[in-house]
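Beneath this line is the structure, given in structure tokens, with notes to follow.
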Amino acid sequence: MSIEVFYDADADLSVVQERKVAVIGYGSQGHAHALSLRDSGVEVVIGLPEGSKSRAKAEEQGLDVRTPAEAAAWADLIMVLIPDTVQRQVYAEDIAPHLTEGKALAFAHGLNIHFGLIKPPADVDVIMIAPKAPGHLVRRQYVDGKGVPMLIAVEQNATGQARTVALSYAKAIGGTRAGAILTTFRDETETDLFGEQAVLAGGVSALVQTGFEVLTEAGYAPEIAYFECLHELKLIVDLMYEGGIARMRYSISDTAEFGDYTRGPRVVDARVKDEMRRILGEIQSGAFTRELIEDDDNGRARLLAYRAKAAEHPIEVTGRKLRDMMSWVDRPLTETA
Ligand SMILES: NC(=O)C1=CN([C@@H]2O[C@H](COP(=O)(O)OP(=O)(O)OC[C@H]3O[C@@H](n4cnc5c(N)ncnc54)[C@H](OP(=O)(O)O)[C@@H]3O)[C@@H](O)[C@H]2O)C=CC1
Ligand SMILES: CC[C@](O)(C(C)=O)C(=O)O
Ligand SMILES: [Mg+2]
Ligand SMILES: [Mg+2]
């Protein structure tokens with residue numbers, strides 16, 4: 001399958017500079033998009049409810065903060081950067097009434113559009129600019145003069161300008177420095193959910209935690225287990241990021257490389273691959289999204305219980321203690337540069 005990748009020279013920043021952009025939400029992605037848009041010369045208003053905890057943070061940065069409805073009414077491009085589970089309600093109550101002909105509705109992830117939780121009118125553009133990175137690193141990379149790859153997509157092109165606008169927006173937040181790939185809402189949604197569940201968040205967390213448990217249950221010091229299974233992972237992944245798996249294998253010892261080939265496939269075996277296929281099937285069928293929404297309707301009971309339990313895991317307790325000795329590691333998450 002051939003793809004189109006766009007870089008800075010392919011995108012015209014003036015397109016988004018001529019728009020009034022409302023960023024709804026000021027969390028992980030929200031703060032990154034808003035600050036980088038502003039640094040790129042774009043007029044931005046943040047949409048947050050009265051009493052939102054994020055208001056103070058946005059105001060501290062000198063941003064103009066209004067309610068989501070006011071921001072949506074003012075803007076001609078509305079970027080929705082609040083949790084996926086709350087988007088349908090905020091859309092219905094605060095955005096839809098102000099989504100007049102020719103405006104653009106934008107997302108950083110396609111779940112609500114792809115699974116029909118939000119159904120915009122036909123006379124607006126519906127676009128996506130989806131950074132392939134956590135928001136804090138989207139901002140950090142931008143400030144450092146770099147960028148993270150992004151997926152862009154057009155679901156509705158009412159004005160004929162939707163792709164140009166998406167590309168221009170991607171440029172304003174650093175995406176076209178690294179490469180913006182043109183895709184669809186469906187492909188972004190399904191690959192993003194699969195990546196985070198099977199590999200990036202779910203797969204890696206389970207692998208790290210299980211490795212830590214095996215070592216500590218066998219009587220090894222938790223500090224050694226932490227450094228071995230979690231801390232060093234970043235250093236190993238840095239090499240993969242720079243030069244692929246081959247670069248990492250070049251740098252590690254031949255002993256490690258031999259263990260990698262002979263033991264790795266025993267850990268991630270055919271059963272794990274089958275399970276990954278089942279997980280992809282649940283994403284494609286919508287079963288995962290139904291489960292997510294059901295939990296949200298139930299006050300996020302399962303999410304909150306998992307979160308509380310995970311925070312007590314010995315790997316977190318050990319890590320907090322060790323990171324106190326490494327001031328350069330425990331960067332505050334609110335830091336944007
Ligand atoms: N996190 C990431 O790095 C990535 C996220 N995405 C996508 O980006 C989108 C945003 O995700 P993310 O940045 O993680 O979101 P966050 O969880 O960080 O969003 C939190 C922000 O949303 C506000 N908020 C919460 N509920 C409401 C509401 N009902 N009305 C208005 N504002 C509300 C919060 O305000 P308060 O402080 O008051 O709670 C806060 O400002 C999602 O579609 C996600 O899939 C895509 C790529 C990566
Ligand atoms: C890996 C998780 C992610 O998809 C992301 C940072 O890209 C997310 O939804 O936060
Ligand atoms: Mg992602
Ligand atoms: Mg995601």
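Letters A, B, ... go to the chains of the structure tokens in the order shown; residues in each chain start at 1; ligands are counted from 1 in the same order.
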
Neighbouring residues of region 302-311 of chain A were defined as those with any atom within 12 Å, considering only C-alpha atoms; residues of the same chain fewer than 3 positions away were excluded. Please report them as a VMD selection string. chain A and resid 85 205 to 206 209 291 to 299 314 to 320

Any chance you could export the current selection's C-alpha atoms as a PDB file, in the first residue's frame?
```pdb
ATOM      1  CA  THR A  85     -15.425   9.406  26.353  1.00  0.00           C
ATOM      2  CA  SER A 205       3.469  -2.246  30.751  1.00  0.00           C
ATOM      3  CA  ALA A 206       2.527  -5.898  31.158  1.00  0.00           C
ATOM      4  CA  GLN A 209       5.694  -5.464  35.232  1.00  0.00           C
ATOM      5  CA  GLU A 291     -16.880  -1.532  26.642  1.00  0.00           C
ATOM      6  CA  LEU A 292     -15.094   1.822  27.051  1.00  0.00           C
ATOM      7  CA  ILE A 293     -18.307   3.824  26.776  1.00  0.00           C
ATOM      8  CA  GLU A 294     -20.164   1.447  29.116  1.00  0.00           C
ATOM      9  CA  ASP A 295     -17.498   1.969  31.783  1.00  0.00           C
ATOM     10  CA  ASP A 296     -17.700   5.729  31.285  1.00  0.00           C
ATOM     11  CA  ASP A 297     -21.489   5.617  31.650  1.00  0.00           C
ATOM     12  CA  ASN A 298     -20.864   3.700  34.879  1.00  0.00           C
ATOM     13  CA  GLY A 299     -18.757   6.504  36.378  1.00  0.00           C
ATOM     14  CA  PRO A 314       5.851  -2.554  43.945  1.00  0.00           C
ATOM     15  CA  ILE A 315       7.467  -1.426  40.681  1.00  0.00           C
ATOM     16  CA  GLU A 316       5.929   2.029  41.182  1.00  0.00           C
ATOM     17  CA  VAL A 317       6.960   2.187  44.834  1.00  0.00           C
ATOM     18  CA  THR A 318      10.533   1.150  43.989  1.00  0.00           C
ATOM     19  CA  GLY A 319      10.662   3.530  41.022  1.00  0.00           C
ATOM     20  CA  ARG A 320       9.531   6.579  42.987  1.00  0.00           C
TER      21      ARG A 320
END
```

Please identify all polymer residues within 10 Å of Arg38 (chain A), counting only C-alpha atoms, omitting same-chain residues fewer than 6 positions from it, and present them as a PyMOL selection string. chain A and resi 17+21+44-45+63+172-173

Counting only C-alpha atoms and all ligand atoms, what are the residues of chain A within 7 Å of ligand 4, and for each of them which pair of atoms is the nearest and at what distance in Å, to one decimal? Sort the table by chain and rising number, as CSV.
```
residue,atom,partner,partner_atom_place_in_ligand_line,distance
A:His109,CA,ligand 4,1 (Mg),6.7
A:Asp192,CA,ligand 4,1 (Mg),5.2
A:Leu193,CA,ligand 4,1 (Mg),5.7
A:Glu196,CA,ligand 4,1 (Mg),6.1
```

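With distances restricted to only C-alpha atoms, A:Val42 is the closest residue to Val16 (chain A) from A:Val138, A:Val42, A:Val86, A:Ala92.
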
Closest-contact table, region 126-229 of chain A side, partner region 280-284 of chain A, 12 Å, counting only C-alpha atoms, as a Markdown table:
```
| residue | atom | partner | partner_atom | distance |
| --- | --- | --- | --- | --- |
| A:Arg186 | CA | A:Gln284 | CA | 9.0 |
| A:Asp187 | CA | A:Gln284 | CA | 9.9 |
| A:Glu188 | CA | A:Gln284 | CA | 11.6 |
| A:Thr189 | CA | A:Ile283 | CA | 8.8 |
| A:Glu190 | CA | A:Ile283 | CA | 6.3 |
| A:Thr191 | CA | A:Leu280 | CA | 8.5 |
| A:Asp192 | CA | A:Ile283 | CA | 10.0 |
| A:Leu193 | CA | A:Ile283 | CA | 7.1 |
| A:Phe194 | CA | A:Leu280 | CA | 6.0 |
| A:Gly195 | CA | A:Leu280 | CA | 9.5 |
| A:Glu196 | CA | A:Leu280 | CA | 11.2 |
| A:Gln197 | CA | A:Leu280 | CA | 9.2 |
| A:Ala198 | CA | A:Leu280 | CA | 8.7 |
| A:Val199 | CA | A:Leu280 | CA | 11.7 |
```

What does the file look like for those residues with C-alpha atoms, as a PDB file, in the first residue's frame?
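Contents of again03.pdb, as written:
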```pdb
ATOM      1  CA  ARG A 186     -10.842   4.326  10.198  1.00  0.00           C
ATOM      2  CA  ASP A 187      -7.184   3.409   9.798  1.00  0.00           C
ATOM      3  CA  GLU A 188      -5.997   5.934  12.390  1.00  0.00           C
ATOM      4  CA  THR A 189      -8.596   4.798  14.915  1.00  0.00           C
ATOM      5  CA  GLU A 190      -7.968   1.083  14.532  1.00  0.00           C
ATOM      6  CA  THR A 191      -4.166   1.239  14.367  1.00  0.00           C
ATOM      7  CA  ASP A 192      -3.922   3.720  17.241  1.00  0.00           C
ATOM      8  CA  LEU A 193      -6.144   1.614  19.514  1.00  0.00           C
ATOM      9  CA  PHE A 194      -4.254  -1.533  18.552  1.00  0.00           C
ATOM     10  CA  GLY A 195      -0.856   0.081  19.093  1.00  0.00           C
ATOM     11  CA  GLU A 196      -1.693   1.427  22.527  1.00  0.00           C
ATOM     12  CA  GLN A 197      -3.387  -1.778  23.721  1.00  0.00           C
ATOM     13  CA  ALA A 198      -1.097  -4.475  22.342  1.00  0.00           C
ATOM     14  CA  VAL A 199       2.281  -2.738  22.205  1.00  0.00           C
TER      15      VAL A 199
END
```

DSSP on the backbone: what in region 3-252 of chain A comes out helix (DSSP H, G or I), as a VMD selection string? chain A and resid 8 to 10 13 to 17 28 to 39 54 to 60 68 to 74 84 to 98 111 to 114 135 to 143 162 to 172 175 to 178 185 to 200 202 to 217 222 to 251

Report the closest atom pair, with its distance in Å rounded to one decimal, for each residue of chain A that has an atom no farther than 6 Å from ligand 2; count only C-alpha atoms and all ligand atoms, sort by chain and then rising residue number, and write it as JSON lines.
```
{"residue": "A:Lys132", "atom": "CA", "partner": "ligand 2", "partner_atom_place_in_ligand_line": "7 (O)", "distance": 4.8}
{"residue": "A:Ala133", "atom": "CA", "partner": "ligand 2", "partner_atom_place_in_ligand_line": "6 (C)", "distance": 4.5}
{"residue": "A:Pro134", "atom": "CA", "partner": "ligand 2", "partner_atom_place_in_ligand_line": "6 (C)", "distance": 3.7}
{"residue": "A:Asp192", "atom": "CA", "partner": "ligand 2", "partner_atom_place_in_ligand_line": "4 (O)", "distance": 5.3}
{"residue": "A:Glu196", "atom": "CA", "partner": "ligand 2", "partner_atom_place_in_ligand_line": "1 (C)", "distance": 4.4}
{"residue": "A:Leu200", "atom": "CA", "partner": "ligand 2", "partner_atom_place_in_ligand_line": "1 (C)", "distance": 5.4}
{"residue": "A:Ala201", "atom": "CA", "partner": "ligand 2", "partner_atom_place_in_ligand_line": "1 (C)", "distance": 5.9}
```

May I have the residues within 8 Å of ligand 1, computed using only C-alpha atoms and all ligand atoms, as a ChimeraX atom specification? /A:24-30,47-49,51-55,68,80-84,86-87,89-90,107-111,130-136,138

Give me the residues near Pro97 (chain A) as a PyMOL selection string, where near means some atom within 9 Å (using only C-alpha atoms) and where sequence neighbours in that chain fewer than 4 positions away do not count. chain A and resi 69+72-73+91-93

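Among the candidates A:Met240, A:Pro332, A:Val148, A:Leu167, the residue lying nearest to ligand 3 is A:Val148 (atoms considered: only C-alpha atoms and all ligand atoms).
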
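A straight line drawn from CA of Arg266 (chain A) to CA of Leu207 (chain A) is 12.9 Å long.
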
I'd like to know which residues of region 9-197 of chain A are strand (DSSP E or B) (by DSSP, run on the backbone); could you write them as a PyMOL selection string? chain A and resi 20-24+43-47+64-66+77-80+104-107+125-131+150-156+180-183

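Distances from A:Lys103, A:Asn112, A:Met150, A:Arg88 to ligand 3 were compared using only C-alpha atoms and all ligand atoms, and the smallest one belongs to A:Met150.
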
Find, counting only C-alpha atoms and all ligand atoms, the residue in A:Ile118, A:Ile245, A:Pro149, A:Val272 that gets nearest to ligand 3. A:Pro149
